[in-house]
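S.K.: What follows is the file run35.cif, containing mmCIF, C-alpha atoms:
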data_input
#
loop_
_atom_site.group_PDB
_atom_site.id
_atom_site.type_symbol
_atom_site.label_atom_id
_atom_site.label_comp_id
_atom_site.auth_asym_id
_atom_site.auth_seq_id
_atom_site.Cartn_x
_atom_site.Cartn_y
_atom_site.Cartn_z
ATOM 1 C CA MET A 1 -9.984 17.467 -4.606
ATOM 2 C CA THR A 2 -9.894 15.018 -7.483
ATOM 3 C CA PHE A 3 -7.234 12.353 -7.680
ATOM 4 C CA CYS A 4 -6.583 10.006 -10.567
ATOM 5 C CA TRP A 5 -5.537 6.529 -9.515
ATOM 6 C CA THR A 6 -2.691 5.434 -11.798
ATOM 7 C CA ALA A 7 -0.617 2.291 -12.114
ATOM 8 C CA HIS A 8 2.007 3.899 -9.836
ATOM 9 C CA ARG A 9 -0.667 4.387 -7.197
ATOM 10 C CA PHE A 10 -1.061 0.588 -7.287
ATOM 11 C CA ALA A 11 2.624 -0.243 -6.922
ATOM 12 C CA GLY A 12 2.243 -2.350 -3.773
ATOM 13 C CA GLY A 13 1.762 -5.637 -5.564
ATOM 14 C CA ALA A 14 -1.208 -6.735 -3.446
ATOM 15 C CA LEU A 15 -4.561 -5.100 -2.828
ATOM 16 C CA ALA A 16 -3.907 -4.998 0.933
ATOM 17 C CA LEU A 17 -0.697 -3.013 0.367
ATOM 18 C CA ASP A 18 -2.370 -0.726 -2.159
ATOM 19 C CA VAL A 19 -5.072 0.065 0.404
ATOM 20 C CA ALA A 20 -2.423 0.700 3.082
ATOM 21 C CA ASN A 21 -0.617 2.965 0.607
ATOM 22 C CA SER A 22 -3.726 5.132 0.208
ATOM 23 C CA VAL A 23 -2.101 7.382 2.793
ATOM 24 C CA ILE A 24 0.554 9.294 0.872
ATOM 25 C CA LEU A 25 3.752 10.205 2.783
ATOM 26 C CA ARG A 26 2.315 8.599 5.914
ATOM 27 C CA PHE A 27 5.151 9.660 8.217
ATOM 28 C CA ASP A 28 5.463 13.290 7.142
ATOM 29 C CA ALA A 29 2.696 15.140 9.000
ATOM 30 C CA GLU A 30 3.106 18.278 6.884
ATOM 31 C CA LYS A 31 2.857 16.487 3.527
ATOM 32 C CA SER A 32 0.742 13.442 4.411
ATOM 33 C CA VAL A 33 -2.494 13.007 2.459
ATOM 34 C CA ASP A 34 -5.199 10.442 3.198
ATOM 35 C CA ARG A 35 -6.742 9.589 -0.173
ATOM 36 C CA PHE A 36 -9.655 7.897 1.582
ATOM 37 C CA ALA A 37 -10.606 11.055 3.515
ATOM 38 C CA VAL A 38 -12.890 11.992 0.625
ATOM 39 C CA PRO A 39 -15.687 9.409 0.137
ATOM 40 C CA GLU A 40 -15.563 9.716 -3.657
ATOM 41 C CA GLN A 41 -11.896 8.717 -3.608
ATOM 42 C CA VAL A 42 -12.699 5.386 -1.947
ATOM 43 C CA GLU A 43 -15.195 4.693 -4.729
ATOM 44 C CA SER A 44 -12.671 5.799 -7.339
ATOM 45 C CA PHE A 45 -10.061 3.511 -5.751
ATOM 46 C CA ALA A 46 -12.426 0.522 -5.876
ATOM 47 C CA ASP A 47 -13.117 1.172 -9.568
ATOM 48 C CA ALA A 48 -9.421 1.620 -10.397
ATOM 49 C CA ALA A 49 -8.387 -1.504 -8.457
ATOM 50 C CA ILE A 50 -10.312 -3.644 -10.941
ATOM 51 C CA LYS A 51 -8.067 -2.375 -13.738
ATOM 52 C CA LEU A 52 -4.736 -1.643 -12.032
ATOM 53 C CA CYS A 53 -4.235 -3.781 -8.909
ATOM 54 C CA ALA A 54 -1.799 -6.682 -9.259
ATOM 55 C CA GLU A 55 -4.431 -9.018 -7.768
ATOM 56 C CA ARG A 56 -7.252 -7.796 -10.027
ATOM 57 C CA ASP A 57 -7.865 -11.285 -11.388
ATOM 58 C CA ARG A 58 -8.663 -12.601 -7.885
ATOM 59 C CA PHE A 59 -11.570 -10.266 -7.201
ATOM 60 C CA PRO A 60 -14.819 -9.364 -8.950
ATOM 61 C CA ALA A 61 -15.825 -5.751 -9.543
ATOM 62 C CA LEU A 62 -15.271 -4.072 -6.191
ATOM 63 C CA THR A 63 -17.663 -1.773 -4.395
ATOM 64 C CA ALA A 64 -16.662 0.794 -1.817
ATOM 65 C CA PRO A 65 -18.354 0.637 1.574
ATOM 66 C CA ALA A 66 -21.039 3.200 2.299
ATOM 67 C CA PRO A 67 -19.723 6.265 4.144
ATOM 68 C CA THR A 68 -21.386 5.057 7.358
ATOM 69 C CA ASN A 69 -19.420 1.770 7.162
ATOM 70 C CA ARG A 70 -16.012 3.131 6.143
ATOM 71 C CA ALA A 71 -14.571 2.952 9.661
ATOM 72 C CA THR A 72 -14.099 -0.818 9.294
ATOM 73 C CA LEU A 73 -12.131 -0.380 6.061
ATOM 74 C CA LEU A 74 -10.017 2.422 7.550
ATOM 75 C CA GLU A 75 -9.230 0.379 10.666
ATOM 76 C CA LEU A 76 -8.272 -2.568 8.453
ATOM 77 C CA ARG A 77 -6.032 -0.284 6.380
ATOM 78 C CA GLU A 78 -4.202 1.048 9.442
ATOM 79 C CA THR A 79 -3.801 -2.418 10.956
ATOM 80 C CA ILE A 80 -2.414 -3.783 7.679
ATOM 81 C CA ASP A 81 0.109 -0.956 7.573
ATOM 82 C CA ARG A 82 1.187 -1.438 11.215
ATOM 83 C CA TYR A 83 1.548 -5.192 10.852
ATOM 84 C CA PHE A 84 3.483 -5.390 7.596
ATOM 85 C CA ARG A 85 5.574 -2.267 8.239
ATOM 86 C CA GLY A 86 6.479 -3.734 11.641
ATOM 87 C CA CYS A 87 7.434 -7.064 10.055
ATOM 88 C CA ILE A 88 9.727 -5.288 7.603
ATOM 89 C CA ILE A 89 11.352 -3.070 10.225
ATOM 90 C CA ASP A 90 11.673 -5.759 12.930
ATOM 91 C CA GLY A 91 12.491 -8.557 10.506
ATOM 92 C CA LYS A 92 9.876 -10.766 12.139
ATOM 93 C CA GLY A 93 6.217 -10.826 13.021
ATOM 94 C CA ASP A 94 4.874 -9.634 16.351
ATOM 95 C CA ASP A 95 2.132 -11.764 17.918
ATOM 96 C CA GLY A 96 0.261 -8.690 19.180
ATOM 97 C CA ARG A 97 0.254 -7.028 15.754
ATOM 98 C CA LEU A 98 -0.723 -10.329 14.136
ATOM 99 C CA ALA A 99 -3.649 -10.716 16.545
ATOM 100 C CA ASP A 100 -4.735 -7.153 15.740
ATOM 101 C CA LEU A 101 -4.552 -7.841 12.003
ATOM 102 C CA LEU A 102 -6.489 -11.093 12.265
ATOM 103 C CA PHE A 103 -9.144 -9.331 14.354
ATOM 104 C CA ALA A 104 -9.406 -6.471 11.813
ATOM 105 C CA CYS A 105 -9.671 -8.975 8.939
ATOM 106 C CA GLY A 106 -12.362 -10.903 10.808
ATOM 107 C CA SER A 107 -14.283 -7.684 11.506
ATOM 108 C CA ALA A 108 -14.109 -6.686 7.843
ATOM 109 C CA LEU A 109 -15.236 -10.122 6.659
ATOM 110 C CA ARG A 110 -18.174 -10.096 9.095
ATOM 111 C CA ALA A 111 -19.194 -6.531 8.205
ATOM 112 C CA PHE A 112 -18.725 -7.073 4.451
ATOM 113 C CA PRO A 113 -19.425 -10.755 3.672
ATOM 114 C CA LEU A 114 -19.754 -10.261 -0.090
ATOM 115 C CA ALA A 115 -16.664 -10.878 -2.215
ATOM 116 C CA GLU A 116 -17.263 -7.727 -4.264
ATOM 117 C CA SER A 117 -16.771 -5.510 -1.232
ATOM 118 C CA LEU A 118 -13.461 -3.606 -1.174
ATOM 119 C CA ALA A 119 -13.101 -4.341 2.550
ATOM 120 C CA ASN A 120 -13.710 -8.075 2.017
ATOM 121 C CA ALA A 121 -11.197 -8.256 -0.839
ATOM 122 C CA THR A 122 -8.658 -6.264 1.185
ATOM 123 C CA ALA A 123 -9.006 -8.656 4.136
ATOM 124 C CA HIS A 124 -8.540 -11.674 1.825
ATOM 125 C CA SER A 125 -5.477 -10.034 0.292
ATOM 126 C CA ALA A 126 -3.957 -9.362 3.733
ATOM 127 C CA LEU A 127 -4.573 -12.947 4.854
ATOM 128 C CA THR A 128 -2.952 -14.223 1.653
ATOM 129 C CA LEU A 129 0.097 -12.036 2.335
ATOM 130 C CA ILE A 130 0.404 -13.329 5.902
ATOM 131 C CA ALA A 131 0.460 -16.942 4.742
ATOM 132 C CA GLY A 132 2.179 -16.551 1.385
ATOM 133 C CA GLN A 133 5.753 -16.573 0.205
ATOM 134 C CA ASP A 134 5.629 -12.892 -0.806
ATOM 135 C CA ARG A 135 5.822 -11.884 2.851
ATOM 136 C CA ASP A 136 9.617 -12.309 2.720
ATOM 137 C CA ARG A 137 9.740 -9.912 -0.237
ATOM 138 C CA LEU A 138 7.963 -7.012 1.473
ATOM 139 C CA ARG A 139 9.839 -3.717 1.455
ATOM 140 C CA ILE A 140 9.336 -0.057 2.327
ATOM 141 C CA CYS A 141 10.060 2.381 -0.504
ATOM 142 C CA GLY A 142 13.184 4.433 0.156
ATOM 143 C CA ASN A 143 11.528 7.496 -1.345
ATOM 144 C CA CYS A 144 7.825 7.641 -0.479
ATOM 145 C CA GLY A 145 7.608 5.083 2.336
ATOM 146 C CA TRP A 146 5.034 2.874 0.619
ATOM 147 C CA LEU A 147 4.866 -0.847 1.228
ATOM 148 C CA PHE A 148 5.569 -3.025 -1.818
ATOM 149 C CA ILE A 149 6.561 -6.528 -2.841
ATOM 150 C CA ASP A 150 10.073 -6.797 -4.263
ATOM 151 C CA ARG A 151 9.702 -9.100 -7.249
ATOM 152 C CA SER A 152 13.247 -8.548 -8.537
ATOM 153 C CA LYS A 153 15.397 -11.635 -9.072
ATOM 154 C CA ASN A 154 18.035 -10.642 -6.538
ATOM 155 C CA ARG A 155 15.569 -9.068 -4.074
ATOM 156 C CA SER A 156 17.396 -5.750 -4.094
ATOM 157 C CA ARG A 157 14.673 -3.331 -5.181
ATOM 158 C CA ILE A 158 14.460 -0.284 -2.914
ATOM 159 C CA TRP A 159 11.729 1.763 -4.626
ATOM 160 C CA CYS A 160 8.055 1.017 -5.085
ATOM 161 C CA ASP A 161 8.264 2.159 -8.702
ATOM 162 C CA MET A 162 11.480 2.772 -10.611
ATOM 163 C CA ALA A 163 9.800 5.164 -13.047
ATOM 164 C CA VAL A 164 8.642 7.494 -10.273
ATOM 165 C CA CYS A 165 10.417 7.054 -6.936
ATOM 166 C CA GLY A 166 13.594 5.526 -8.351
ATOM 167 C CA ASN A 167 13.865 8.237 -10.966
ATOM 168 C CA ARG A 168 13.371 10.979 -8.340
ATOM 169 C CA GLN A 169 16.075 9.538 -6.121
ATOM 170 C CA LYS A 170 18.509 9.065 -8.999
ATOM 171 C CA ALA A 171 17.844 12.580 -10.295
ATOM 172 C CA ALA A 172 18.405 14.047 -6.825
ATOM 173 C CA LYS A 173 21.654 12.096 -6.448
ATOM 174 C CA HIS A 174 22.816 13.250 -9.890
ATOM 175 C CA TYR A 175 21.955 16.861 -9.016
ATOM 176 C CA ARG A 176 23.931 16.656 -5.717
ATOM 177 C CA ARG A 177 26.967 15.160 -7.485
ATOM 178 C CA LYS A 178 26.856 17.798 -10.211
ATOM 179 C CA LYS A 179 26.529 20.569 -7.623
ATOM 180 C CA GLU A 180 29.496 19.205 -5.608
ATOM 181 C CA THR A 181 31.643 18.969 -8.758
ATOM 182 C CA ALA A 182 30.826 22.557 -9.690
ATOM 183 C CA SER A 183 31.834 23.851 -6.234
#
Would you kindly transcribe this structure into structure tokens?

M.R.:
Amino acid sequence: MTFCWTAHRFAGGALALDVANSVILRFDAEKSVDRFAVPEQVESFADAAIKLCAERDRFPALTAPAPTNRATLLELRETIDRYFRGCIIDGKGDDGRLADLLFACGSALRAFPLAESLANATAHSALTLIAGQDRDRLRICGNCGWLFIDRSKNRSRIWCDMAVCGNRQKAAKHYRRKKETAS
């Protein structure tokens, strides 16, 4: 299965979130797709991140880990998702989840010490999010469930991408209203 990484696929606002968002519809078992399940997709993601990721200027050309070393990247991805999703839902950090994230970042940095490694860059991105001011702007998309940084002035954005998720939600709402009016 071939998948083209587009700007929408990098809507998180940070490499760590984009990696976490590589699982599409994470909480719908019937529709969920892990884009990193296919080794070529991890390589494709690393190539696309150089052009499309919001943090692309922070990292050199990224290389995907070899298939035998992907477990570290996948564990980091899942830990990033659990930590930041938990912070958004709970409204605060959890020391256990934070310890897990710091451990996963440390493991990734030890396993992939070179800056051009996707796992290394992802760990650096996650650590920057933990310490940075963007942490208060983290949201979960109301349509697809992706993690993203709300960069709107009034901090009221509810979709990862207005052109895709926002448009789908607005179109569905319009369709429901039109259907109710016709009845």

S.K.: I need the output of the PyMOL selection byres ((chain A and resi 159) around 10) for this file as a VMD selection string; which residues are they?

M.R.: chain A and resid 11 139 to 150 156 to 158 160 to 167 169

S.K.: Can you pull out the residues contacting stretch 32-44 of chain A? Cut-off 8 Å, using only C-alpha atoms, and skip same-chain residues under 2 positions away; I want them as a ChimeraX atom specification.

M.R.: /A:2-3,5,22-30,46-48,63-64,67

S.K.: Excluding stretch 70-73 of chain A and any residue of its chain fewer than 4 positions from it, enumerate the residues within 8 Å of it, using only C-alpha atoms, and give them as a list of chain:residue names.

M.R.: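 Near stretch 70-73 of chain A, the qualifying residues are A:Pro65, A:Ala66, A:Arg77, A:Ala104, A:Ser107, A:Ala108, A:Ala111, A:Ala119.
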
S.K.: Pick out the closest residue to A:Leu138 from this set: A:Leu74, A:Leu62, A:Cys87, A:Ala121. Count only C-alpha atoms.

M.R.: A:Cys87

S.K.: Which one is closest to A:Gly106: A:Thr181, A:Ser152, A:Asn120, A:Gln133? Count all atoms listed in the file.

M.R.: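 Of A:Thr181, A:Ser152, A:Asn120, A:Gln133, the one nearest A:Gly106, counting all atoms listed in the file, is A:Asn120.
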
S.K.: Quick one, how far is atom CA of A:Leu109 from atom CA of A:Gly132?

M.R.: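 Going from atom CA of A:Leu109 over to atom CA of A:Gly132, I get 19.3 Å.
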
S.K.: As a check of understanding, name the residues that the PyMOL selection byres ((chain A and resi 79) around 12) selects in the supplied structure, as a VMD selection string.

M.R.: chain A and resid 16 to 17 19 to 20 72 to 78 80 to 86 96 to 105 107 to 108 122 to 123 126

S.K.: So that I can see what lies close to A:Ala61, please list as a list in words the residues with an atom at most 10 Å from it, counting all atoms listed in the file and leaving out residues fewer than 6 positions away in the same chain.

M.R.: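 Final neighbour list, sorted by chain and number: Ala46, Asp47, Ala48, Ala49, Ile50, Lys51, Ala115, Glu116, Ser117 and Leu118 of chain A.
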
S.K.: What are the centre and edge lengths in Å, to one decimal, of the axis-aligned box around all listed atoms of stretch 91-104 of chain A with 4 Å added on each side, as AutoDock Vina command-line options?

M.R.:
--center_x 1.5 --center_y -9.1 --center_z 14.8 --size_x 29.9 --size_y 13.3 --size_z 16.7

S.K.: Could you jot down the atom CA of A:Asn21 to atom CA of A:Cys53 separation for me, Å, one decimal place?

M.R.: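 Those two atoms sit 12.2 Å apart.
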
S.K.: Point out the residue among A:Arg58, A:Arg110, A:Arg135, A:Arg151 with the least atom-to-atom distance to A:Lys92, counting all atoms listed in the file.

M.R.: A:Arg135

S.K.: Find, counting all atoms listed in the file, the residue in A:Ala131, A:Ile88, A:Leu114, A:Leu52 that gets nearest to A:Gly13.

M.R.: A:Leu52

S.K.: May I ask for the distance between atom CA of A:Ser125 and atom CA of A:Glu55, given in Å to one decimal place?

M.R.: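 Taking atom CA of A:Ser125 and atom CA of A:Glu55, their separation equals 8.2 Å.
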